[in-house]
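Below is one structure, written out as structure tokens; comments come after it.
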Amino acid sequence: TAPLNVYGSTKLQGEHLARELAPASIVLRTSWLYSRTGSNFVKTMLRLMSSRTELGVVCDQVGSPTFASGLADAAWRLIEVDAAAGVHHWSDCGVASWYDFAVAIGEEARQRGLLASIPSILPIRSDQYPCAAKRPSFSVLDCQRTRAAVGLPATHWRVNLRNLLDDMATN
């Protein structure tokens, strides 16, 4: 770990504190979490895409988008299988830049009738996007140990994005 900002540093401090106060605890790390509720990248992109003709989205930060439903399943399975204490990782399979993710959101949402049209989505560098906190350029987690422990299928992030957008389109 090498936190780049206060957010990352406080998360790491929390992990250390959990291990210190509860040595048998499990810390479950994830990345780029999204769901139907709350604030997240998918919902922000849908809102912006429905009101703008052009968007600039960062293309030089890569990670693994993660559907909250899959993360919840993994958390329950860790408990059910009495997984080893310590740090575990869970994210959907595959990698994408924020730009790749935004393009996929537009394409998939348009196919489901959630967007009338897709605005122009322009790839921009991190230094072109105003952000108070520095973010890592590569935040892909190695989930092999957790996948082996929980025995859940590895699902690609685009499949889970489709699942979410199917649900949004029908409900």
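Here's how to read the names in the structure tokens: chain A, B, ... by the order shown, residue numbers from 1 in each chain, ligand numbers from 1 in the order shown.
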
Residue list (alpha helix (DSSP H), DSSP) for stretch 45-166 of chain A, as a VMD selection string: chain A and resid 45 to 51 68 to 80 98 to 111 144 to 150 157 to 166

Report the closest atom pair, with its distance in Å rounded to one decimal, for each residue of stretch 57-124 of chain A that has an atom no farther than 6 Å from stretch 33-38 of chain A; count only C-alpha atoms, sort by chain and then rising residue number, and write it as a Markdown table.
```
| residue | atom | partner | partner_atom | distance |
| --- | --- | --- | --- | --- |
| A:Thr66 | CA | A:Leu33 | CA | 4.8 |
| A:Phe67 | CA | A:Tyr34 | CA | 5.3 |
| A:Ala68 | CA | A:Ser35 | CA | 5.5 |
```

Applying 12 Å and only C-alpha atoms, which residues near A:Glu107 remain after dropping the ones on its own chain fewer than 5 positions away? List them as a PDB file with all heavy atoms, in the first residue's frame.
```
ATOM      1  N   MET A  45     -22.785   9.513 -14.256  1.00  0.00           N
ATOM      2  CA  MET A  45     -22.672   9.512 -15.719  1.00  0.00           C
ATOM      3  C   MET A  45     -24.043   9.534 -16.382  1.00  0.00           C
ATOM      4  O   MET A  45     -24.261  10.272 -17.347  1.00  0.00           O
ATOM      5  CB  MET A  45     -21.865   8.313 -16.213  1.00  0.00           C
ATOM      6  CG  MET A  45     -20.375   8.406 -15.961  1.00  0.00           C
ATOM      7  SD  MET A  45     -19.607   9.793 -16.852  1.00  0.00           S
ATOM      8  CE  MET A  45     -19.352  10.955 -15.509  1.00  0.00           C
ATOM      9  N   LEU A  46     -24.985   8.752 -15.887  1.00  0.00           N
ATOM     10  CA  LEU A  46     -26.333   8.760 -16.463  1.00  0.00           C
ATOM     11  C   LEU A  46     -26.962  10.150 -16.367  1.00  0.00           C
ATOM     12  O   LEU A  46     -27.589  10.623 -17.323  1.00  0.00           O
ATOM     13  CB  LEU A  46     -27.219   7.718 -15.778  1.00  0.00           C
ATOM     14  CG  LEU A  46     -26.877   6.260 -16.062  1.00  0.00           C
ATOM     15  CD1 LEU A  46     -27.713   5.334 -15.185  1.00  0.00           C
ATOM     16  CD2 LEU A  46     -27.068   5.923 -17.538  1.00  0.00           C
ATOM     17  N   MET A  49     -24.985  12.473 -18.792  1.00  0.00           N
ATOM     18  CA  MET A  49     -25.229  12.114 -20.191  1.00  0.00           C
ATOM     19  C   MET A  49     -26.625  12.520 -20.654  1.00  0.00           C
ATOM     20  O   MET A  49     -26.843  12.753 -21.838  1.00  0.00           O
ATOM     21  CB  MET A  49     -25.027  10.612 -20.402  1.00  0.00           C
ATOM     22  CG  MET A  49     -23.585  10.193 -20.362  1.00  0.00           C
ATOM     23  SD  MET A  49     -23.446   8.401 -20.593  1.00  0.00           S
ATOM     24  CE  MET A  49     -21.739   8.143 -20.170  1.00  0.00           C
ATOM     25  N   ASP A 100     -13.264   4.398 -20.358  1.00  0.00           N
ATOM     26  CA  ASP A 100     -13.841   3.145 -20.860  1.00  0.00           C
ATOM     27  C   ASP A 100     -15.170   2.851 -20.168  1.00  0.00           C
ATOM     28  O   ASP A 100     -16.144   2.432 -20.809  1.00  0.00           O
ATOM     29  CB  ASP A 100     -12.903   1.964 -20.604  1.00  0.00           C
ATOM     30  CG  ASP A 100     -11.563   2.075 -21.297  1.00  0.00           C
ATOM     31  OD1 ASP A 100     -11.488   2.664 -22.393  1.00  0.00           O
ATOM     32  OD2 ASP A 100     -10.574   1.565 -20.718  1.00  0.00           O
ATOM     33  N   PHE A 101     -15.193   3.042 -18.874  1.00  0.00           N
ATOM     34  CA  PHE A 101     -16.389   2.775 -18.080  1.00  0.00           C
ATOM     35  C   PHE A 101     -17.520   3.704 -18.515  1.00  0.00           C
ATOM     36  O   PHE A 101     -18.658   3.266 -18.719  1.00  0.00           O
ATOM     37  CB  PHE A 101     -16.055   2.938 -16.598  1.00  0.00           C
ATOM     38  CG  PHE A 101     -17.063   2.390 -15.620  1.00  0.00           C
ATOM     39  CD1 PHE A 101     -17.967   1.400 -15.965  1.00  0.00           C
ATOM     40  CD2 PHE A 101     -17.077   2.852 -14.317  1.00  0.00           C
ATOM     41  CE1 PHE A 101     -18.880   0.888 -15.045  1.00  0.00           C
ATOM     42  CE2 PHE A 101     -17.979   2.356 -13.381  1.00  0.00           C
ATOM     43  CZ  PHE A 101     -18.887   1.380 -13.747  1.00  0.00           C
ATOM     44  N   ALA A 102     -17.220   4.983 -18.697  1.00  0.00           N
ATOM     45  CA  ALA A 102     -18.235   5.951 -19.122  1.00  0.00           C
ATOM     46  C   ALA A 102     -18.794   5.597 -20.500  1.00  0.00           C
ATOM     47  O   ALA A 102     -20.014   5.653 -20.726  1.00  0.00           O
ATOM     48  CB  ALA A 102     -17.648   7.365 -19.131  1.00  0.00           C
ATOM     49  N   ARG A 112     -30.815   0.169 -23.625  1.00  0.00           N
ATOM     50  CA  ARG A 112     -31.931  -0.158 -22.744  1.00  0.00           C
ATOM     51  C   ARG A 112     -32.966   0.962 -22.659  1.00  0.00           C
ATOM     52  O   ARG A 112     -33.904   0.893 -21.870  1.00  0.00           O
ATOM     53  CB  ARG A 112     -31.402  -0.498 -21.348  1.00  0.00           C
ATOM     54  CG  ARG A 112     -30.732  -1.858 -21.337  1.00  0.00           C
ATOM     55  CD  ARG A 112     -29.685  -2.008 -20.271  1.00  0.00           C
ATOM     56  NE  ARG A 112     -29.116  -3.342 -20.340  1.00  0.00           N
ATOM     57  CZ  ARG A 112     -28.185  -3.702 -21.248  1.00  0.00           C
ATOM     58  NH1 ARG A 112     -27.729  -2.824 -22.118  1.00  0.00           N
ATOM     59  NH2 ARG A 112     -27.726  -4.930 -21.278  1.00  0.00           N
ATOM     60  N   GLY A 113     -32.774   2.016 -23.437  1.00  0.00           N
ATOM     61  CA  GLY A 113     -33.723   3.121 -23.445  1.00  0.00           C
ATOM     62  C   GLY A 113     -33.603   4.060 -22.273  1.00  0.00           C
ATOM     63  O   GLY A 113     -34.479   4.886 -22.038  1.00  0.00           O
ATOM     64  N   LEU A 114     -32.511   3.963 -21.516  1.00  0.00           N
ATOM     65  CA  LEU A 114     -32.307   4.864 -20.379  1.00  0.00           C
ATOM     66  C   LEU A 114     -31.764   6.218 -20.817  1.00  0.00           C
ATOM     67  O   LEU A 114     -31.845   7.186 -20.055  1.00  0.00           O
ATOM     68  CB  LEU A 114     -31.356   4.219 -19.356  1.00  0.00           C
ATOM     69  CG  LEU A 114     -31.901   2.978 -18.658  1.00  0.00           C
ATOM     70  CD1 LEU A 114     -30.801   2.282 -17.867  1.00  0.00           C
ATOM     71  CD2 LEU A 114     -33.070   3.332 -17.752  1.00  0.00           C
ATOM     72  N   LEU A 115     -31.219   6.291 -22.014  1.00  0.00           N
ATOM     73  CA  LEU A 115     -30.733   7.546 -22.593  1.00  0.00           C
ATOM     74  C   LEU A 115     -31.296   7.682 -23.999  1.00  0.00           C
ATOM     75  O   LEU A 115     -31.309   6.705 -24.758  1.00  0.00           O
ATOM     76  CB  LEU A 115     -29.203   7.558 -22.674  1.00  0.00           C
ATOM     77  CG  LEU A 115     -28.411   7.591 -21.384  1.00  0.00           C
ATOM     78  CD1 LEU A 115     -26.918   7.423 -21.674  1.00  0.00           C
ATOM     79  CD2 LEU A 115     -28.658   8.893 -20.630  1.00  0.00           C
ATOM     80  N   ALA A 116     -31.740   8.891 -24.337  1.00  0.00           N
ATOM     81  CA  ALA A 116     -32.230   9.139 -25.692  1.00  0.00           C
ATOM     82  C   ALA A 116     -31.070   9.180 -26.684  1.00  0.00           C
ATOM     83  O   ALA A 116     -31.200   8.758 -27.829  1.00  0.00           O
ATOM     84  CB  ALA A 116     -33.007  10.461 -25.727  1.00  0.00           C
ATOM     85  N   SER A 117     -29.945   9.684 -26.231  1.00  0.00           N
ATOM     86  CA  SER A 117     -28.739   9.743 -27.064  1.00  0.00           C
ATOM     87  C   SER A 117     -27.525   9.740 -26.144  1.00  0.00           C
ATOM     88  O   SER A 117     -27.648   9.946 -24.943  1.00  0.00           O
ATOM     89  CB  SER A 117     -28.741  10.994 -27.949  1.00  0.00           C
ATOM     90  OG  SER A 117     -28.718  12.155 -27.134  1.00  0.00           O
ATOM     91  N   ILE A 118     -26.380   9.503 -26.741  1.00  0.00           N
ATOM     92  CA  ILE A 118     -25.134   9.492 -25.977  1.00  0.00           C
ATOM     93  C   ILE A 118     -24.337  10.731 -26.363  1.00  0.00           C
ATOM     94  O   ILE A 118     -24.086  10.953 -27.547  1.00  0.00           O
ATOM     95  CB  ILE A 118     -24.302   8.233 -26.284  1.00  0.00           C
ATOM     96  CG1 ILE A 118     -25.125   6.962 -26.040  1.00  0.00           C
ATOM     97  CG2 ILE A 118     -23.033   8.206 -25.435  1.00  0.00           C
ATOM     98  CD1 ILE A 118     -24.464   5.698 -26.559  1.00  0.00           C
ATOM     99  N   PRO A 119     -23.932  11.523 -25.386  1.00  0.00           N
ATOM    100  CA  PRO A 119     -23.119  12.696 -25.724  1.00  0.00           C
ATOM    101  C   PRO A 119     -21.728  12.274 -26.192  1.00  0.00           C
ATOM    102  O   PRO A 119     -21.325  11.123 -26.024  1.00  0.00           O
ATOM    103  CB  PRO A 119     -23.042  13.461 -24.397  1.00  0.00           C
ATOM    104  CG  PRO A 119     -23.208  12.408 -23.360  1.00  0.00           C
ATOM    105  CD  PRO A 119     -24.123  11.379 -23.951  1.00  0.00           C
ATOM    106  N   SER A 120     -21.002  13.208 -26.769  1.00  0.00           N
ATOM    107  CA  SER A 120     -19.599  12.949 -27.091  1.00  0.00           C
ATOM    108  C   SER A 120     -18.849  12.773 -25.778  1.00  0.00           C
ATOM    109  O   SER A 120     -18.964  13.603 -24.874  1.00  0.00           O
ATOM    110  CB  SER A 120     -18.992  14.123 -27.860  1.00  0.00           C
ATOM    111  OG  SER A 120     -19.634  14.270 -29.097  1.00  0.00           O
ATOM    112  N   ILE A 121     -18.102  11.687 -25.676  1.00  0.00           N
ATOM    113  CA  ILE A 121     -17.314  11.426 -24.474  1.00  0.00           C
ATOM    114  C   ILE A 121     -15.853  11.528 -24.870  1.00  0.00           C
ATOM    115  O   ILE A 121     -15.372  10.748 -25.692  1.00  0.00           O
ATOM    116  CB  ILE A 121     -17.642  10.042 -23.873  1.00  0.00           C
ATOM    117  CG1 ILE A 121     -19.145   9.946 -23.568  1.00  0.00           C
ATOM    118  CG2 ILE A 121     -16.831   9.802 -22.601  1.00  0.00           C
ATOM    119  CD1 ILE A 121     -19.613   8.573 -23.141  1.00  0.00           C
ATOM    120  N   ARG A 158     -18.502  -5.506 -17.105  1.00  0.00           N
ATOM    121  CA  ARG A 158     -19.502  -5.074 -18.094  1.00  0.00           C
ATOM    122  C   ARG A 158     -20.782  -5.908 -17.965  1.00  0.00           C
ATOM    123  O   ARG A 158     -21.880  -5.384 -18.167  1.00  0.00           O
ATOM    124  CB  ARG A 158     -18.932  -5.155 -19.500  1.00  0.00           C
ATOM    125  CG  ARG A 158     -19.849  -4.514 -20.525  1.00  0.00           C
ATOM    126  CD  ARG A 158     -19.115  -3.687 -21.517  1.00  0.00           C
ATOM    127  NE  ARG A 158     -20.048  -3.054 -22.426  1.00  0.00           N
ATOM    128  CZ  ARG A 158     -19.692  -2.194 -23.341  1.00  0.00           C
ATOM    129  NH1 ARG A 158     -18.433  -1.854 -23.480  1.00  0.00           N
ATOM    130  NH2 ARG A 158     -20.581  -1.645 -24.130  1.00  0.00           N
ATOM    131  N   LEU A 161     -22.548  -4.384 -15.056  1.00  0.00           N
ATOM    132  CA  LEU A 161     -23.114  -3.096 -15.460  1.00  0.00           C
ATOM    133  C   LEU A 161     -24.431  -3.335 -16.199  1.00  0.00           C
ATOM    134  O   LEU A 161     -25.423  -2.654 -15.937  1.00  0.00           O
ATOM    135  CB  LEU A 161     -22.127  -2.328 -16.344  1.00  0.00           C
ATOM    136  CG  LEU A 161     -22.669  -1.042 -16.973  1.00  0.00           C
ATOM    137  CD1 LEU A 161     -23.043  -0.018 -15.904  1.00  0.00           C
ATOM    138  CD2 LEU A 161     -21.644  -0.456 -17.945  1.00  0.00           C
ATOM    139  N   ARG A 162     -24.444  -4.305 -17.105  1.00  0.00           N
ATOM    140  CA  ARG A 162     -25.684  -4.635 -17.829  1.00  0.00           C
ATOM    141  C   ARG A 162     -26.775  -5.070 -16.851  1.00  0.00           C
ATOM    142  O   ARG A 162     -27.942  -4.688 -17.004  1.00  0.00           O
ATOM    143  CB  ARG A 162     -25.423  -5.748 -18.840  1.00  0.00           C
ATOM    144  CG  ARG A 162     -24.613  -5.315 -20.022  1.00  0.00           C
ATOM    145  CD  ARG A 162     -24.352  -6.486 -20.974  1.00  0.00           C
ATOM    146  NE  ARG A 162     -23.395  -6.085 -21.977  1.00  0.00           N
ATOM    147  CZ  ARG A 162     -22.365  -6.812 -22.373  1.00  0.00           C
ATOM    148  NH1 ARG A 162     -22.149  -8.015 -21.838  1.00  0.00           N
ATOM    149  NH2 ARG A 162     -21.541  -6.368 -23.286  1.00  0.00           N
ATOM    150  N   LEU A 165     -28.177  -1.973 -15.204  1.00  0.00           N
ATOM    151  CA  LEU A 165     -28.962  -1.150 -16.116  1.00  0.00           C
ATOM    152  C   LEU A 165     -30.241  -1.861 -16.555  1.00  0.00           C
ATOM    153  O   LEU A 165     -31.285  -1.202 -16.751  1.00  0.00           O
ATOM    154  CB  LEU A 165     -28.118  -0.739 -17.312  1.00  0.00           C
ATOM    155  CG  LEU A 165     -26.931   0.180 -16.971  1.00  0.00           C
ATOM    156  CD1 LEU A 165     -26.075   0.438 -18.195  1.00  0.00           C
ATOM    157  CD2 LEU A 165     -27.388   1.479 -16.334  1.00  0.00           C
TER     158      LEU A 165
END
```

task: DSSP on the backbone, then: every residue of stretch 86-126 of chain A marked strand (DSSP E), written as a list in words.
output: Gly86, Val87, His88, His89, Ala96, Ser97, Ser120, Ile121, Leu122, Pro123 and Ile124 of chain A

Shell around A:Thr30 at 6 Å using only C-alpha atoms, local window under 3 positions removed, as a compact mmCIF listing (two decimals) with N, CA and C atoms, in the first residue's frame:
```txt
# COMPACT_ATOMS: atom_id res chain seq x y z
N HIS A 89 -9.50 -9.08 -1.06
CA HIS A 89 -9.85 -8.17 -2.14
C HIS A 89 -11.01 -8.73 -2.93
N TRP A 90 -11.92 -7.85 -3.35
CA TRP A 90 -13.01 -8.26 -4.23
C TRP A 90 -13.35 -7.14 -5.19
N SER A 91 -13.37 -7.45 -6.44
CA SER A 91 -13.88 -6.54 -7.47
C SER A 91 -14.39 -7.41 -8.61
```

task: Find the residue from A:Trp157, A:Leu164, A:Leu28, A:Ala133 that sits nearest to A:Trp76; use only C-alpha atoms when measuring.
output: A:Leu28

query: Using only C-alpha atoms, which of A:Asp60, A:Asp166, A:Asp127, A:Asp73 sits nearest A:Ala154?
result: A:Asp73

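Omitting stretch 95-97 of chain A and its sequence neighbours fewer than 3 positions away, and counting only C-alpha atoms, the residues within 6 Å are Cys59, Gln61, Val62, Gly63, Ser64 and Asp100 of chain A.
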
Using only N, CA, C and O atoms, please write the residues we just selected to a file, as a PDB file, in the first residue's frame.
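Output below, filename again_12.pdb:
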```pdb
ATOM      1  N   CYS A  59      -8.941   9.283 -18.678  1.00  0.00           N
ATOM      2  CA  CYS A  59      -8.583   8.050 -19.395  1.00  0.00           C
ATOM      3  C   CYS A  59      -7.291   7.409 -18.885  1.00  0.00           C
ATOM      4  O   CYS A  59      -6.931   6.323 -19.344  1.00  0.00           O
ATOM      5  N   GLN A  61      -6.520   6.643 -15.593  1.00  0.00           N
ATOM      6  CA  GLN A  61      -6.673   5.949 -14.313  1.00  0.00           C
ATOM      7  C   GLN A  61      -7.434   4.657 -14.590  1.00  0.00           C
ATOM      8  O   GLN A  61      -8.523   4.684 -15.169  1.00  0.00           O
ATOM      9  N   VAL A  62      -6.851   3.537 -14.196  1.00  0.00           N
ATOM     10  CA  VAL A  62      -7.398   2.225 -14.519  1.00  0.00           C
ATOM     11  C   VAL A  62      -7.751   1.483 -13.237  1.00  0.00           C
ATOM     12  O   VAL A  62      -6.990   1.510 -12.260  1.00  0.00           O
ATOM     13  N   GLY A  63      -8.900   0.836 -13.256  1.00  0.00           N
ATOM     14  CA  GLY A  63      -9.345   0.048 -12.109  1.00  0.00           C
ATOM     15  C   GLY A  63     -10.351  -0.989 -12.542  1.00  0.00           C
ATOM     16  O   GLY A  63     -10.517  -1.247 -13.733  1.00  0.00           O
ATOM     17  N   SER A  64     -11.038  -1.563 -11.578  1.00  0.00           N
ATOM     18  CA  SER A  64     -12.064  -2.569 -11.848  1.00  0.00           C
ATOM     19  C   SER A  64     -13.381  -2.116 -11.239  1.00  0.00           C
ATOM     20  O   SER A  64     -13.542  -2.153 -10.018  1.00  0.00           O
ATOM     21  N   ASP A 100     -13.264   4.398 -20.358  1.00  0.00           N
ATOM     22  CA  ASP A 100     -13.841   3.145 -20.860  1.00  0.00           C
ATOM     23  C   ASP A 100     -15.170   2.851 -20.168  1.00  0.00           C
ATOM     24  O   ASP A 100     -16.144   2.432 -20.809  1.00  0.00           O
TER      25      ASP A 100
END
```

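Here atom CA of A:Pro65 and atom CA of A:Asp92 stand 6.2 Å from one another.
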
For stretch 70-121 of chain A against stretch 21-25 of chain A, with a cut-off of 9 Å and counting only C-alpha atoms, what is the closest atom pair and its distance in Å to one decimal for every residue that makes the cut, ordered by chain and number, as a tab-separated table?
```
residue	atom	partner	partner_atom	distance
A:Ala84	CA	A:Ala24	CA	7.9
A:Ala85	CA	A:Ala24	CA	5.0
A:Gly86	CA	A:Ser25	CA	6.3
A:Val87	CA	A:Ser25	CA	8.7
```

task: Would you please work out which residue, of A:Ser9, A:Ser139, A:Thr155, A:Thr170, is nearest to A:Ser31 when using only C-alpha atoms?
output: A:Ser139
